[in-house]
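The structure file data04.cif is reproduced below (mmCIF, C-alpha atoms).
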data_coords
#
loop_
_atom_site.label_atom_id
_atom_site.label_comp_id
_atom_site.auth_asym_id
_atom_site.auth_seq_id
_atom_site.Cartn_x
_atom_site.Cartn_y
_atom_site.Cartn_z
CA MET T 161 -12.74 2.47 23.34
CA ASN T 162 -12.40 3.44 19.69
CA SER T 163 -9.35 2.23 17.79
CA PRO T 164 -7.06 4.82 16.14
CA ALA T 165 -8.48 3.79 12.76
CA ASP T 166 -12.03 4.40 14.03
CA VAL T 167 -11.06 7.92 15.09
CA GLU T 168 -9.15 8.69 11.90
CA GLU T 169 -11.85 7.64 9.41
CA PRO T 170 -14.48 10.27 10.38
CA GLU T 171 -11.76 12.95 10.14
CA ARG T 172 -10.91 11.70 6.66
CA ARG T 173 -14.56 11.77 5.60
CA ARG T 174 -14.83 15.44 6.57
CA LEU T 175 -12.31 16.36 3.88
CA THR T 176 -13.25 17.26 0.33
CA LYS T 177 -12.68 14.56 -2.29
CA PRO T 178 -9.47 16.26 -3.55
CA GLY T 179 -8.38 16.69 0.07
CA ARG T 180 -8.86 12.99 0.79
CA LYS T 181 -6.89 12.06 -2.31
CA THR T 182 -4.03 14.37 -1.32
CA ARG T 183 -4.01 13.12 2.24
CA ASP T 184 -4.05 9.48 1.12
CA ARG T 185 -1.24 10.14 -1.36
CA ILE T 186 0.90 11.64 1.39
CA ILE T 187 0.28 8.66 3.69
CA GLU T 188 1.05 6.12 0.98
CA ALA T 189 4.27 7.89 0.01
CA ALA T 190 5.33 8.20 3.65
CA ALA T 191 4.53 4.55 4.35
CA GLU T 192 6.64 3.39 1.41
CA LEU T 193 9.59 5.58 2.42
CA MET T 194 9.38 4.64 6.10
CA PHE T 195 9.22 0.95 5.27
CA HIS T 196 12.42 1.13 3.24
CA HIS T 197 14.33 3.79 5.18
CA GLY T 198 12.75 3.83 8.63
CA VAL T 199 10.95 6.70 10.30
CA GLY T 200 14.21 8.33 11.34
CA GLY T 201 15.58 8.02 7.83
CA THR T 202 12.56 9.65 6.21
CA SER T 203 12.35 13.45 6.19
CA ILE T 204 9.47 15.77 5.41
CA PRO T 205 11.28 16.91 2.21
CA ASP T 206 11.58 13.24 1.20
CA ILE T 207 7.83 12.83 1.61
CA GLN T 208 7.14 16.10 -0.21
CA ALA T 209 9.12 14.91 -3.20
CA ALA T 210 7.59 11.44 -3.27
CA ALA T 211 4.01 12.66 -2.89
CA GLY T 212 4.37 15.78 -5.01
CA VAL T 213 3.07 18.08 -2.27
CA SER T 214 4.27 21.07 -0.28
CA ALA T 215 5.37 21.04 3.34
CA SER T 216 2.38 23.22 4.20
CA GLN T 217 0.03 20.51 2.89
CA ILE T 218 1.66 17.89 5.08
CA TYR T 219 1.37 20.10 8.15
CA HIS T 220 -2.20 21.00 7.22
CA TYR T 221 -3.34 17.37 7.17
CA PHE T 222 -1.18 15.90 9.93
CA GLY T 223 0.05 18.75 12.14
CA ASP T 224 3.62 17.46 12.21
CA LYS T 225 5.71 14.43 11.31
CA ARG T 226 4.54 12.62 14.43
CA GLY T 227 0.92 12.95 13.31
CA LEU T 228 1.88 11.57 9.92
CA VAL T 229 3.68 8.63 11.53
CA LEU T 230 0.54 7.72 13.47
CA ALA T 231 -1.46 7.86 10.22
CA VAL T 232 1.11 5.55 8.61
CA VAL T 233 0.70 3.06 11.47
CA ASN T 234 -3.04 2.91 10.81
CA PHE T 235 -2.53 2.72 7.05
CA GLN T 236 -0.06 -0.16 7.32
CA THR T 237 -2.39 -2.00 9.68
CA ASP T 238 -5.38 -1.64 7.37
CA THR T 239 -3.25 -2.69 4.39
CA LYS T 240 -1.82 -5.73 6.18
CA LEU T 241 -5.24 -6.96 7.30
CA ASP T 242 -6.80 -6.37 3.88
CA GLN T 243 -4.00 -8.36 2.23
CA GLN T 244 -4.81 -11.37 4.39
CA ARG T 245 -8.53 -11.52 3.78
CA PRO T 246 -10.55 -13.67 3.30
CA LEU T 247 -8.19 -16.17 4.97
CA LEU T 248 -7.96 -13.97 8.06
CA ASP T 249 -11.71 -14.16 8.64
CA LYS T 250 -11.84 -17.97 8.51
CA LEU T 251 -9.15 -19.09 10.96
CA ASP T 252 -11.35 -21.69 12.64
CA SER T 253 -9.51 -24.89 11.78
CA ILE T 254 -5.96 -26.17 11.96
CA ASP T 255 -5.84 -26.41 8.17
CA ALA T 256 -6.99 -22.79 7.86
CA LEU T 257 -4.29 -21.62 10.29
CA ARG T 258 -1.61 -23.48 8.34
CA ALA T 259 -2.87 -22.18 4.99
CA TRP T 260 -2.89 -18.60 6.28
CA CYS T 261 0.65 -18.84 7.63
CA ASP T 262 1.89 -20.62 4.49
CA THR T 263 0.49 -17.80 2.35
CA ALA T 264 2.47 -15.27 4.39
CA ALA T 265 5.61 -17.39 4.05
CA ASP T 266 5.14 -17.62 0.29
CA ARG T 267 4.79 -13.83 0.17
CA GLN T 268 8.08 -13.48 2.05
CA ASP T 269 9.76 -15.80 -0.43
CA ALA T 270 8.40 -13.75 -3.33
CA MET T 271 9.95 -10.62 -1.77
CA GLY T 272 13.26 -12.34 -1.06
CA CYS T 273 12.53 -11.96 2.67
CA VAL T 274 13.52 -8.30 2.37
CA GLY T 275 11.97 -5.62 4.56
CA GLY T 276 10.32 -7.72 7.23
CA CYS T 277 6.87 -6.94 8.59
CA GLU T 278 5.57 -3.44 7.89
CA ILE T 279 3.99 -3.17 11.34
CA GLY T 280 6.79 -4.97 13.15
CA SER T 281 9.40 -2.69 11.60
CA LEU T 282 7.55 0.38 12.85
CA ALA T 283 7.19 -1.19 16.29
CA SER T 284 10.89 -1.97 16.63
CA GLU T 285 11.79 1.62 15.80
CA LEU T 286 9.06 3.49 17.68
CA ALA T 287 8.06 1.46 20.74
CA GLU T 288 10.69 3.02 23.02
CA ARG T 289 10.69 6.47 21.41
CA ASP T 290 7.06 7.48 21.02
CA PRO T 291 4.44 6.46 23.62
CA SER T 292 1.54 7.41 21.32
CA ALA T 293 2.95 5.35 18.49
CA ARG T 294 3.53 2.43 20.86
CA THR T 295 -0.12 2.62 21.96
CA ASP T 296 -1.33 2.69 18.35
CA LEU T 297 0.97 -0.19 17.42
CA SER T 298 -0.30 -2.23 20.35
CA ALA T 299 -3.83 -1.63 19.06
CA SER T 300 -2.67 -2.69 15.59
CA PHE T 301 -1.38 -6.01 16.89
CA ASP T 302 -4.62 -6.46 18.83
CA ARG T 303 -6.58 -6.00 15.59
CA TRP T 304 -4.34 -8.55 13.85
CA GLU T 305 -4.56 -11.03 16.71
CA LEU T 306 -8.34 -10.80 17.11
CA PRO T 307 -9.22 -12.99 14.08
CA ILE T 308 -6.90 -15.72 15.40
CA ARG T 309 -8.53 -15.58 18.83
CA SER T 310 -12.02 -15.48 17.29
CA GLY T 311 -11.30 -18.47 15.07
CA LEU T 312 -9.99 -20.53 17.98
CA ALA T 313 -13.01 -19.51 20.07
CA ARG T 314 -15.33 -20.76 17.32
CA MET T 315 -13.50 -24.07 17.29
CA GLN T 316 -13.91 -24.29 21.05
CA THR T 317 -17.62 -23.44 20.87
CA ARG T 318 -18.12 -26.21 18.31
CA GLY T 319 -16.40 -28.68 20.64
CA GLU T 320 -13.42 -29.12 18.31
CA LEU T 321 -10.92 -27.51 20.67
CA SER T 322 -10.56 -28.61 24.28
CA GLU T 323 -12.01 -26.39 27.00
CA ARG T 324 -8.51 -26.52 28.52
CA ALA T 325 -7.19 -24.41 25.66
CA ASP T 326 -6.58 -20.76 26.55
CA VAL T 327 -7.51 -19.24 23.19
CA ALA T 328 -6.21 -15.78 24.10
CA ALA T 329 -2.81 -17.17 25.11
CA LEU T 330 -2.62 -19.38 22.02
CA ALA T 331 -3.49 -16.48 19.72
CA SER T 332 -0.83 -14.32 21.38
CA ALA T 333 1.72 -17.10 21.04
CA LEU T 334 1.01 -17.44 17.33
CA MET T 335 1.33 -13.68 16.83
CA ALA T 336 4.66 -13.75 18.68
CA ALA T 337 5.85 -16.61 16.46
CA ILE T 338 4.78 -14.68 13.36
CA GLN T 339 6.67 -11.56 14.40
CA GLY T 340 9.78 -13.35 15.65
CA GLY T 341 9.80 -15.65 12.64
CA MET T 342 9.53 -12.72 10.23
CA LEU T 343 12.43 -10.97 11.91
CA LEU T 344 14.69 -14.03 11.69
CA SER T 345 13.60 -14.63 8.10
CA GLN T 346 14.51 -11.03 7.25
CA VAL T 347 17.95 -11.39 8.81
CA ARG T 348 18.64 -14.81 7.30
CA ARG T 349 16.94 -14.07 3.95
CA SER T 350 15.00 -17.31 4.22
CA SER T 351 11.40 -18.03 5.18
CA THR T 352 12.50 -21.19 6.99
CA PRO T 353 12.69 -19.62 10.48
CA TYR T 354 9.20 -18.19 10.04
CA ARG T 355 7.83 -21.50 8.81
CA HIS T 356 9.40 -23.38 11.74
CA ALA T 357 8.17 -20.89 14.34
CA VAL T 358 4.55 -20.77 13.24
CA SER T 359 4.43 -24.51 12.60
CA ALA T 360 5.59 -25.21 16.17
CA VAL T 361 2.85 -23.04 17.62
CA ILE T 362 0.15 -24.47 15.35
CA ASP T 363 1.32 -27.98 16.31
CA HIS T 364 0.83 -26.93 19.94
CA ILE T 365 -2.66 -25.61 19.17
CA GLU T 366 -3.44 -28.88 17.40
CA SER T 367 -2.57 -30.78 20.59
CA TYR T 368 -5.78 -29.29 22.06
CA VAL T 369 -7.96 -30.59 19.22
CA VAL T 370 -10.58 -33.02 20.51
CA GLN T 371 -10.14 -36.42 18.92
#
Could the structure of this file be written out as structure tokens, please?
Amino acid sequence: MNSPADVEEPERRRLTKPGRKTRDRIIEAAAELMFHHGVGGTSIPDIQAAAGVSASQIYHYFGDKRGLVLAVVNFQTDTKLDQQRPLLDKLDSIDALRAWCDTAADRQDAMGCVGGCEIGSLASELAERDPSARTDLSASFDRWELPIRSGLARMQTRGELSERADVAALASALMAAIQGGMLLSQVRRSSTPYRHAVSAVIDHIESYVVQ
């Protein structure tokens, strides 16, 4: 099954170059506003003003606000994954996992632990309100989790990780620690909860390393 991003990209390519630029500008403006004010706190007029477009342009490209929200989910997912490369593509050692998570913690510190996770914030607001958004967000987390699972699988294939290790469960546990840790760090304005949460899971993964 195609991911939402796979479906959206051909539609984007069918636009003229000015049309793509306008559409991208609307998404970027909406993503910024929704990150700071939430989906419910962001209106179409707010997006119009931030993007410098008319309401008719927004409806032309997205149909309605709900369509724009789904585009924002895909945009934030692509942005989050791009930010984490190349580390994200090389998560096949304990050191690599720790370095990746430390980089995210350092980024939180640089932002004063304000705002939380762009994808997690959308999920907390939309999961119970919009089934389509929940489905897209679930796919977003799957995309984020896949490099963790793939890295652990490579370790297992090389004989570095015990065959007893359930790589899918371990990858899901690390993603849960990342999300829960980011939320607590946002509330407490300290990256310490995040660092503790991910470190505990990585320590658990390390217990499966073949000595």
Starting from the PyMOL selection byres ((chain T and resi 335) around 10), expand the selection into actual residues of this file and give them as a list in words. Phe301, Asp302, Trp304, Glu305, Ile308, Ala329, Leu330, Ala331, Ser332, Ala333, Leu334, Ala336, Ala337, Ile338, Gln339, Gly340, Gly341, Val358 and Val361 of chain T
Can you pull out the residues contacting region 190-203 of chain T? Cut-off 12 Å, using all atoms listed in the file, and skip same-chain residues under 6 positions away; I want them as number ranges by chain. T: 183-184, 209-213, 215, 218, 222, 224-237, 239, 274-286, 289-290, 293
Please produce a file of the residues just selected, as a short mmCIF file (atom, residue, chain, number, x, y, z; two decimals), keeping the file's coordinate frame, where the atoms kept are C-alpha atoms.
data_model
loop_
_atom_site.label_atom_id
_atom_site.label_comp_id
_atom_site.auth_asym_id
_atom_site.auth_seq_id
_atom_site.Cartn_x
_atom_site.Cartn_y
_atom_site.Cartn_z
CA ARG T 183 -4.01 13.12 2.24
CA ASP T 184 -4.05 9.48 1.12
CA ALA T 209 9.12 14.91 -3.20
CA ALA T 210 7.59 11.44 -3.27
CA ALA T 211 4.01 12.66 -2.89
CA GLY T 212 4.37 15.78 -5.01
CA VAL T 213 3.07 18.08 -2.27
CA ALA T 215 5.37 21.04 3.34
CA ILE T 218 1.66 17.89 5.08
CA PHE T 222 -1.18 15.90 9.93
CA ASP T 224 3.62 17.46 12.21
CA LYS T 225 5.71 14.43 11.31
CA ARG T 226 4.54 12.62 14.43
CA GLY T 227 0.92 12.95 13.31
CA LEU T 228 1.88 11.57 9.92
CA VAL T 229 3.68 8.63 11.53
CA LEU T 230 0.54 7.72 13.47
CA ALA T 231 -1.46 7.86 10.22
CA VAL T 232 1.11 5.55 8.61
CA VAL T 233 0.70 3.06 11.47
CA ASN T 234 -3.04 2.91 10.81
CA PHE T 235 -2.53 2.72 7.05
CA GLN T 236 -0.06 -0.16 7.32
CA THR T 237 -2.39 -2.00 9.68
CA THR T 239 -3.25 -2.69 4.39
CA VAL T 274 13.52 -8.30 2.37
CA GLY T 275 11.97 -5.62 4.56
CA GLY T 276 10.32 -7.72 7.23
CA CYS T 277 6.87 -6.94 8.59
CA GLU T 278 5.57 -3.44 7.89
CA ILE T 279 3.99 -3.17 11.34
CA GLY T 280 6.79 -4.97 13.15
CA SER T 281 9.40 -2.69 11.60
CA LEU T 282 7.55 0.38 12.85
CA ALA T 283 7.19 -1.19 16.29
CA SER T 284 10.89 -1.97 16.63
CA GLU T 285 11.79 1.62 15.80
CA LEU T 286 9.06 3.49 17.68
CA ARG T 289 10.69 6.47 21.41
CA ASP T 290 7.06 7.48 21.02
CA ALA T 293 2.95 5.35 18.49
#
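CA of Leu251 (chain T) sits 8.6 Å away from CA of Arg309 (chain T).
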Using the chain letters and numbering of this document, enumerate as a PyMOL selection string the residues selected by the PyMOL selection byres ((chain T and resi 327) around 12). chain T and resi 252+305-317+321-326+328-334+364-366+368
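Between CA of Ala265 (chain T) and CA of Ile186 (chain T) lies a distance of 29.5 Å.
One finds CA of Arg303 (chain T) at 28.9 Å from CA of Ile204 (chain T).
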From the list T:Glu320, T:Tyr354, T:Thr295, T:Val347, the nearest residue to Ala264 (chain T) using only C-alpha atoms is T:Tyr354
Evaluating the PyMOL selection byres ((chain T and resi 348) around 12) on the displayed file yields which residues, as a list in words? Gln268, Asp269, Gly272, Cys273, Val274, Gly275, Gly276, Gly341, Met342, Leu343, Leu344, Ser345, Gln346, Val347, Arg349, Ser350, Ser351, Thr352, Pro353 and Tyr354 of chain T
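Shortest separation to Pro246 (chain T) among T:Ser359, T:Thr263, T:Thr176, T:Ser216 occurs at residue T:Thr263, atoms counted being all atoms listed in the file.
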For Arg355 (chain T), which residue among T:Trp260, T:Ser367, T:Ser292, T:Ala270 is the nearest when counting all atoms listed in the file? T:Trp260
